[in-house]
Amino acid sequence: MGIELIRGDNFMTTTLASAVNWARKSSMWPFPFGTACCGIEMMATLASKYDMARFGAEAVRFSPRQADLLIVAGTICNKMAPVLKRIYDQMSDPKWVIAMGACASCGGIFDNYTVVQGIDEIIPVDMYVPGCPPSPQALMYGFTRIQDMVQKGRGQSLTATAEAVPVLPV
Amino acid sequence: MDLAILNQKLTGAFSGMAYSTAEACGQATVEVPADRVKDVLKFLRDDADLQFDMLLDVTAVDYPARTPRFEIVYILVSTERRHRIRIKTRIEDGRALQTVSDLWRSADWGERECFDMFGIRFDGHPNLKRILNPDNFYGYPLRKTYPLRGERDPAFLDYKETEPA
């Protein structure tokens with residue numbers, strides 16, 4: 001591009017999509033769905049020692065309509081499943097989902113009559129963070145991978161509703 | 001709770017009733033017939049020397065090989081007298097007990113849990129429906145006959161309850 005040559009280092013040219021996606025990934029607002037011990041690790045990740053604010057994700061929203069990242073941290077039992085599904089449906093597109101820990105990913109050790117064997121039985125999942133519970137570092141790694149997906153315009157909610165919602169091309 | 005005093009009290013108030021006592025780890029247990037259990041509990045609550053004013057838990061145990069099959073356990077505490085006791089009774093599948101939720105409010109949820117998990121009915125209960133499992137749940141999961149993995153279990157195809165909720 002020629003404009004940088006003319007105006008010096010004060011300009012950067014890019015596409016609108018990558019600028020928007022950069023803004024999105026740098027200010028994700030997570031909805032904390034902490035139902036078990038993973039929730040404690042998630043709180044530690046959000047708190048000052050590990051500090052998700054470094055990635056721009058410190059604005060935790062307890063209203064799904066204001067959040068674009070659902071962190072499901074903990075065991076989801078059959079009685080909680082409709083609640084989780086409803087919260088996911090209430091979040092506005094585009095949205096991303098992290099299944100944090102073994103329980104949210106696959107039911108974990110709870111192979112019994114009460115526990116959903118992975119939240120992907122109910123809602124689409126973008127990132128599985130393994131561990132029981134995962135360390136804050138693991139959650140942060142998963143989150144930065146989500147950021148990569150956001151920058152590239154990828155995500156289950158984007159592909160699932162590609163027809164209905166106009167998606168900015170990258 | 002001193003068993004000697006309790007024996008004296010029970011024989012005085014319920015002459016002719018067959019009951020048994022046991023003591024383990026310093027805690028007294030009394031097993032009474034199912035049709036008298038509410039009378040005994042009411043007596044234990046109202047007697048001036050016993051004053052069991054708190055019902056800590058109502059729960060059940062499933063012994064599939066036994067007849068009667070279920071054992072219902074009431075754990076009582078007296079906050080006035082500082083003693084505690086367990087009252088047990090046995091009941092067959094499909095039979096109902098009298099509710100004690102009118103004696104202690106805490107029996108309300110305990111009996112609902114018994115109904116939810118074991119399928120034991122309590123006559124006179126104000127709101128006997130499932131408490132922990134979803135309302136559309138089939139079966140009584142703490143019965144030994146219930147398949148551990150529920151609907152995903154191959155054994156669930158053969159699982160039938162005698163009396164659906």
# chains A, B, ... in the order shown; residues from 1 in each chain; ligands from 1
$ select_by_dssp --residues "stretch 81-125 of chain A" --states "helix (DSSP H, G or I)" --output "PyMOL selection string"
chain A and resi 81-90+101-106+119-121
$ interface_residues --of "chain A" --to "chain B" --cutoff "6 Å" --atoms "only C-alpha atoms" --output "list in words"
Lys79, Asn112 and Tyr113 of chain A
$ write_last_selection --atoms "N, CA, C and O atoms" --output "compact mmCIF listing (two decimals), in the first residue's frame"
# COMPACT_ATOMS: atom_id res chain seq x y z
N LYS A 79 -30.44 -31.48 34.96
CA LYS A 79 -31.38 -30.45 35.38
C LYS A 79 -30.86 -29.05 35.02
O LYS A 79 -31.65 -28.12 34.86
N ASN A 112 -22.67 -41.10 34.93
CA ASN A 112 -23.83 -41.61 35.65
C ASN A 112 -25.11 -40.99 35.11
O ASN A 112 -25.09 -40.29 34.10
N TYR A 113 -26.19 -41.21 35.82
CA TYR A 113 -27.51 -40.85 35.27
C TYR A 113 -27.83 -39.37 35.35
O TYR A 113 -28.80 -38.93 34.77
$ residues_around --residues "A:Leu84" --least-positions-apart "6" --cutoff "9 Å" --atoms "only C-alpha atoms" --output "PDB file with N, CA and C atoms, in the first residue's frame"
ATOM      1  N   PHE A  33     -19.949 -19.254  33.508  1.00  0.00           N
ATOM      2  CA  PHE A  33     -20.919 -20.287  33.899  1.00  0.00           C
ATOM      3  C   PHE A  33     -20.193 -21.295  34.783  1.00  0.00           C
ATOM      4  N   VAL A  72     -17.965 -22.275  30.106  1.00  0.00           N
ATOM      5  CA  VAL A  72     -18.688 -23.274  30.893  1.00  0.00           C
ATOM      6  C   VAL A  72     -17.658 -24.006  31.738  1.00  0.00           C
ATOM      7  N   ILE A  76     -22.137 -30.137  34.233  1.00  0.00           N
ATOM      8  CA  ILE A  76     -23.491 -29.757  33.848  1.00  0.00           C
ATOM      9  C   ILE A  76     -24.372 -30.994  34.004  1.00  0.00           C
ATOM     10  N   ILE A 119     -20.900 -30.764  27.143  1.00  0.00           N
ATOM     11  CA  ILE A 119     -21.913 -29.772  26.794  1.00  0.00           C
ATOM     12  C   ILE A 119     -22.130 -29.700  25.291  1.00  0.00           C
ATOM     13  N   ILE A 122     -25.431 -30.319  23.891  1.00  0.00           N
ATOM     14  CA  ILE A 122     -26.489 -29.308  23.953  1.00  0.00           C
ATOM     15  C   ILE A 122     -26.172 -28.110  23.064  1.00  0.00           C
ATOM     16  N   ILE A 123     -24.961 -27.590  23.174  1.00  0.00           N
ATOM     17  CA  ILE A 123     -24.598 -26.350  22.472  1.00  0.00           C
ATOM     18  C   ILE A 123     -23.283 -26.566  21.726  1.00  0.00           C
TER      19      ILE A 123
END
$ select_by_dssp --residues "chain A" --states "strand (DSSP E)" --output "list of chain:residue names"
A:Pro30, A:Phe31, A:Pro32, A:Phe33, A:Gly34, A:Leu69, A:Leu70, A:Ile71, A:Val72, A:Ala73, A:Trp96, A:Val97, A:Ile98, A:Ala99, A:Met100, A:Met127, A:Tyr128, A:Val129
$ write_last_selection --atoms "C-alpha atoms" --output "PDB file, in the first residue's frame"
ATOM      1  CA  PRO A  30     -17.040 -13.478  29.123  1.00  0.00           C
ATOM      2  CA  PHE A  31     -20.122 -14.957  30.733  1.00  0.00           C
ATOM      3  CA  PRO A  32     -18.892 -17.086  33.645  1.00  0.00           C
ATOM      4  CA  PHE A  33     -20.919 -20.287  33.899  1.00  0.00           C
ATOM      5  CA  GLY A  34     -19.072 -21.738  36.876  1.00  0.00           C
ATOM      6  CA  LEU A  69     -17.795 -15.603  25.309  1.00  0.00           C
ATOM      7  CA  LEU A  70     -19.410 -18.368  27.331  1.00  0.00           C
ATOM      8  CA  ILE A  71     -16.997 -20.098  29.691  1.00  0.00           C
ATOM      9  CA  VAL A  72     -18.688 -23.274  30.893  1.00  0.00           C
ATOM     10  CA  ALA A  73     -16.585 -24.176  33.902  1.00  0.00           C
ATOM     11  CA  TRP A  96     -17.822 -18.290  21.312  1.00  0.00           C
ATOM     12  CA  VAL A  97     -17.923 -21.119  23.843  1.00  0.00           C
ATOM     13  CA  ILE A  98     -15.142 -22.569  25.966  1.00  0.00           C
ATOM     14  CA  ALA A  99     -15.780 -25.972  27.551  1.00  0.00           C
ATOM     15  CA  MET A 100     -13.469 -25.742  30.538  1.00  0.00           C
ATOM     16  CA  MET A 127     -12.567 -24.709  22.490  1.00  0.00           C
ATOM     17  CA  TYR A 128     -12.059 -27.587  24.886  1.00  0.00           C
ATOM     18  CA  VAL A 129      -9.685 -26.886  27.747  1.00  0.00           C
TER      19      VAL A 129
END
$ decode --residues "stretch 99-126 of chain B" --atoms "N, CA, C and O atoms" --output "PDB file, in the first residue's frame"
ATOM      1  N   THR B  99     -46.880 -38.961  56.695  1.00  0.00           N
ATOM      2  CA  THR B  99     -45.926 -37.861  56.682  1.00  0.00           C
ATOM      3  C   THR B  99     -45.710 -37.345  58.107  1.00  0.00           C
ATOM      4  O   THR B  99     -46.607 -37.413  58.951  1.00  0.00           O
ATOM      5  N   VAL B 100     -44.493 -36.840  58.358  1.00  0.00           N
ATOM      6  CA  VAL B 100     -44.253 -36.157  59.632  1.00  0.00           C
ATOM      7  C   VAL B 100     -43.947 -34.685  59.379  1.00  0.00           C
ATOM      8  O   VAL B 100     -43.436 -33.990  60.241  1.00  0.00           O
ATOM      9  N   SER B 101     -44.276 -34.214  58.174  1.00  0.00           N
ATOM     10  CA  SER B 101     -43.995 -32.811  57.867  1.00  0.00           C
ATOM     11  C   SER B 101     -44.866 -31.866  58.688  1.00  0.00           C
ATOM     12  O   SER B 101     -44.572 -30.672  58.774  1.00  0.00           O
ATOM     13  N   ASP B 102     -45.942 -32.391  59.304  1.00  0.00           N
ATOM     14  CA  ASP B 102     -46.719 -31.537  60.190  1.00  0.00           C
ATOM     15  C   ASP B 102     -46.095 -31.474  61.585  1.00  0.00           C
ATOM     16  O   ASP B 102     -46.428 -30.585  62.364  1.00  0.00           O
ATOM     17  N   LEU B 103     -45.183 -32.414  61.884  1.00  0.00           N
ATOM     18  CA  LEU B 103     -44.483 -32.357  63.178  1.00  0.00           C
ATOM     19  C   LEU B 103     -43.222 -31.495  63.083  1.00  0.00           C
ATOM     20  O   LEU B 103     -42.924 -30.714  63.974  1.00  0.00           O
ATOM     21  N   TRP B 104     -42.442 -31.714  62.025  1.00  0.00           N
ATOM     22  CA  TRP B 104     -41.247 -30.902  61.786  1.00  0.00           C
ATOM     23  C   TRP B 104     -41.304 -30.419  60.350  1.00  0.00           C
ATOM     24  O   TRP B 104     -41.476 -31.214  59.424  1.00  0.00           O
ATOM     25  N   ARG B 105     -41.119 -29.142  60.126  1.00  0.00           N
ATOM     26  CA  ARG B 105     -41.138 -28.611  58.762  1.00  0.00           C
ATOM     27  C   ARG B 105     -40.007 -29.193  57.918  1.00  0.00           C
ATOM     28  O   ARG B 105     -40.125 -29.299  56.700  1.00  0.00           O
ATOM     29  N   SER B 106     -38.907 -29.559  58.558  1.00  0.00           N
ATOM     30  CA  SER B 106     -37.770 -30.069  57.792  1.00  0.00           C
ATOM     31  C   SER B 106     -38.075 -31.411  57.139  1.00  0.00           C
ATOM     32  O   SER B 106     -37.366 -31.823  56.224  1.00  0.00           O
ATOM     33  N   ALA B 107     -39.118 -32.077  57.595  1.00  0.00           N
ATOM     34  CA  ALA B 107     -39.468 -33.358  56.975  1.00  0.00           C
ATOM     35  C   ALA B 107     -39.999 -33.176  55.561  1.00  0.00           C
ATOM     36  O   ALA B 107     -39.974 -34.119  54.763  1.00  0.00           O
ATOM     37  N   ASP B 108     -40.461 -31.984  55.256  1.00  0.00           N
ATOM     38  CA  ASP B 108     -41.035 -31.721  53.934  1.00  0.00           C
ATOM     39  C   ASP B 108     -40.065 -32.109  52.819  1.00  0.00           C
ATOM     40  O   ASP B 108     -40.358 -32.962  51.979  1.00  0.00           O
ATOM     41  N   TRP B 109     -38.883 -31.512  52.840  1.00  0.00           N
ATOM     42  CA  TRP B 109     -37.920 -31.785  51.767  1.00  0.00           C
ATOM     43  C   TRP B 109     -37.295 -33.168  51.913  1.00  0.00           C
ATOM     44  O   TRP B 109     -36.969 -33.806  50.916  1.00  0.00           O
ATOM     45  N   GLY B 110     -37.091 -33.619  53.158  1.00  0.00           N
ATOM     46  CA  GLY B 110     -36.523 -34.947  53.358  1.00  0.00           C
ATOM     47  C   GLY B 110     -37.413 -36.032  52.777  1.00  0.00           C
ATOM     48  O   GLY B 110     -36.934 -36.969  52.131  1.00  0.00           O
ATOM     49  N   GLU B 111     -38.712 -35.889  52.992  1.00  0.00           N
ATOM     50  CA  GLU B 111     -39.632 -36.883  52.455  1.00  0.00           C
ATOM     51  C   GLU B 111     -39.738 -36.785  50.941  1.00  0.00           C
ATOM     52  O   GLU B 111     -39.878 -37.803  50.254  1.00  0.00           O
ATOM     53  N   ARG B 112     -39.654 -35.561  50.433  1.00  0.00           N
ATOM     54  CA  ARG B 112     -39.639 -35.423  48.975  1.00  0.00           C
ATOM     55  C   ARG B 112     -38.415 -36.093  48.375  1.00  0.00           C
ATOM     56  O   ARG B 112     -38.474 -36.699  47.306  1.00  0.00           O
ATOM     57  N   GLU B 113     -37.277 -35.980  49.064  1.00  0.00           N
ATOM     58  CA  GLU B 113     -36.067 -36.626  48.554  1.00  0.00           C
ATOM     59  C   GLU B 113     -36.217 -38.147  48.590  1.00  0.00           C
ATOM     60  O   GLU B 113     -35.808 -38.841  47.660  1.00  0.00           O
ATOM     61  N   CYS B 114     -36.808 -38.658  49.663  1.00  0.00           N
ATOM     62  CA  CYS B 114     -37.071 -40.100  49.745  1.00  0.00           C
ATOM     63  C   CYS B 114     -37.963 -40.546  48.597  1.00  0.00           C
ATOM     64  O   CYS B 114     -37.752 -41.589  47.983  1.00  0.00           O
ATOM     65  N   PHE B 115     -38.977 -39.748  48.318  1.00  0.00           N
ATOM     66  CA  PHE B 115     -39.879 -40.081  47.211  1.00  0.00           C
ATOM     67  C   PHE B 115     -39.143 -40.026  45.880  1.00  0.00           C
ATOM     68  O   PHE B 115     -39.283 -40.917  45.033  1.00  0.00           O
ATOM     69  N   ASP B 116     -38.325 -38.999  45.700  1.00  0.00           N
ATOM     70  CA  ASP B 116     -37.600 -38.803  44.450  1.00  0.00           C
ATOM     71  C   ASP B 116     -36.610 -39.931  44.205  1.00  0.00           C
ATOM     72  O   ASP B 116     -36.512 -40.476  43.113  1.00  0.00           O
ATOM     73  N   MET B 117     -35.866 -40.283  45.230  1.00  0.00           N
ATOM     74  CA  MET B 117     -34.758 -41.217  45.060  1.00  0.00           C
ATOM     75  C   MET B 117     -35.163 -42.677  45.251  1.00  0.00           C
ATOM     76  O   MET B 117     -34.540 -43.571  44.699  1.00  0.00           O
ATOM     77  N   PHE B 118     -36.161 -42.939  46.090  1.00  0.00           N
ATOM     78  CA  PHE B 118     -36.516 -44.326  46.400  1.00  0.00           C
ATOM     79  C   PHE B 118     -37.949 -44.682  46.002  1.00  0.00           C
ATOM     80  O   PHE B 118     -38.325 -45.841  46.060  1.00  0.00           O
ATOM     81  N   GLY B 119     -38.770 -43.691  45.661  1.00  0.00           N
ATOM     82  CA  GLY B 119     -40.153 -43.989  45.311  1.00  0.00           C
ATOM     83  C   GLY B 119     -41.012 -44.387  46.499  1.00  0.00           C
ATOM     84  O   GLY B 119     -41.943 -45.161  46.354  1.00  0.00           O
ATOM     85  N   ILE B 120     -40.692 -43.831  47.652  1.00  0.00           N
ATOM     86  CA  ILE B 120     -41.493 -44.110  48.842  1.00  0.00           C
ATOM     87  C   ILE B 120     -42.497 -42.983  49.020  1.00  0.00           C
ATOM     88  O   ILE B 120     -42.128 -41.814  49.041  1.00  0.00           O
ATOM     89  N   ARG B 121     -43.766 -43.338  49.119  1.00  0.00           N
ATOM     90  CA  ARG B 121     -44.797 -42.312  49.253  1.00  0.00           C
ATOM     91  C   ARG B 121     -45.050 -42.002  50.726  1.00  0.00           C
ATOM     92  O   ARG B 121     -44.910 -42.866  51.596  1.00  0.00           O
ATOM     93  N   PHE B 122     -45.410 -40.743  50.971  1.00  0.00           N
ATOM     94  CA  PHE B 122     -45.752 -40.305  52.321  1.00  0.00           C
ATOM     95  C   PHE B 122     -47.147 -39.716  52.285  1.00  0.00           C
ATOM     96  O   PHE B 122     -47.370 -38.660  51.692  1.00  0.00           O
ATOM     97  N   ASP B 123     -48.088 -40.404  52.911  1.00  0.00           N
ATOM     98  CA  ASP B 123     -49.476 -39.945  52.901  1.00  0.00           C
ATOM     99  C   ASP B 123     -49.615 -38.666  53.709  1.00  0.00           C
ATOM    100  O   ASP B 123     -49.050 -38.550  54.800  1.00  0.00           O
ATOM    101  N   GLY B 124     -50.355 -37.707  53.141  1.00  0.00           N
ATOM    102  CA  GLY B 124     -50.595 -36.456  53.842  1.00  0.00           C
ATOM    103  C   GLY B 124     -49.539 -35.399  53.595  1.00  0.00           C
ATOM    104  O   GLY B 124     -49.633 -34.303  54.138  1.00  0.00           O
ATOM    105  N   HIS B 125     -48.545 -35.726  52.778  1.00  0.00           N
ATOM    106  CA  HIS B 125     -47.506 -34.729  52.478  1.00  0.00           C
ATOM    107  C   HIS B 125     -48.107 -33.618  51.610  1.00  0.00           C
ATOM    108  O   HIS B 125     -48.837 -33.901  50.652  1.00  0.00           O
ATOM    109  N   PRO B 126     -47.800 -32.348  51.916  1.00  0.00           N
ATOM    110  CA  PRO B 126     -48.446 -31.261  51.173  1.00  0.00           C
ATOM    111  C   PRO B 126     -47.997 -31.128  49.724  1.00  0.00           C
ATOM    112  O   PRO B 126     -48.729 -30.579  48.905  1.00  0.00           O
TER     113      PRO B 126
END
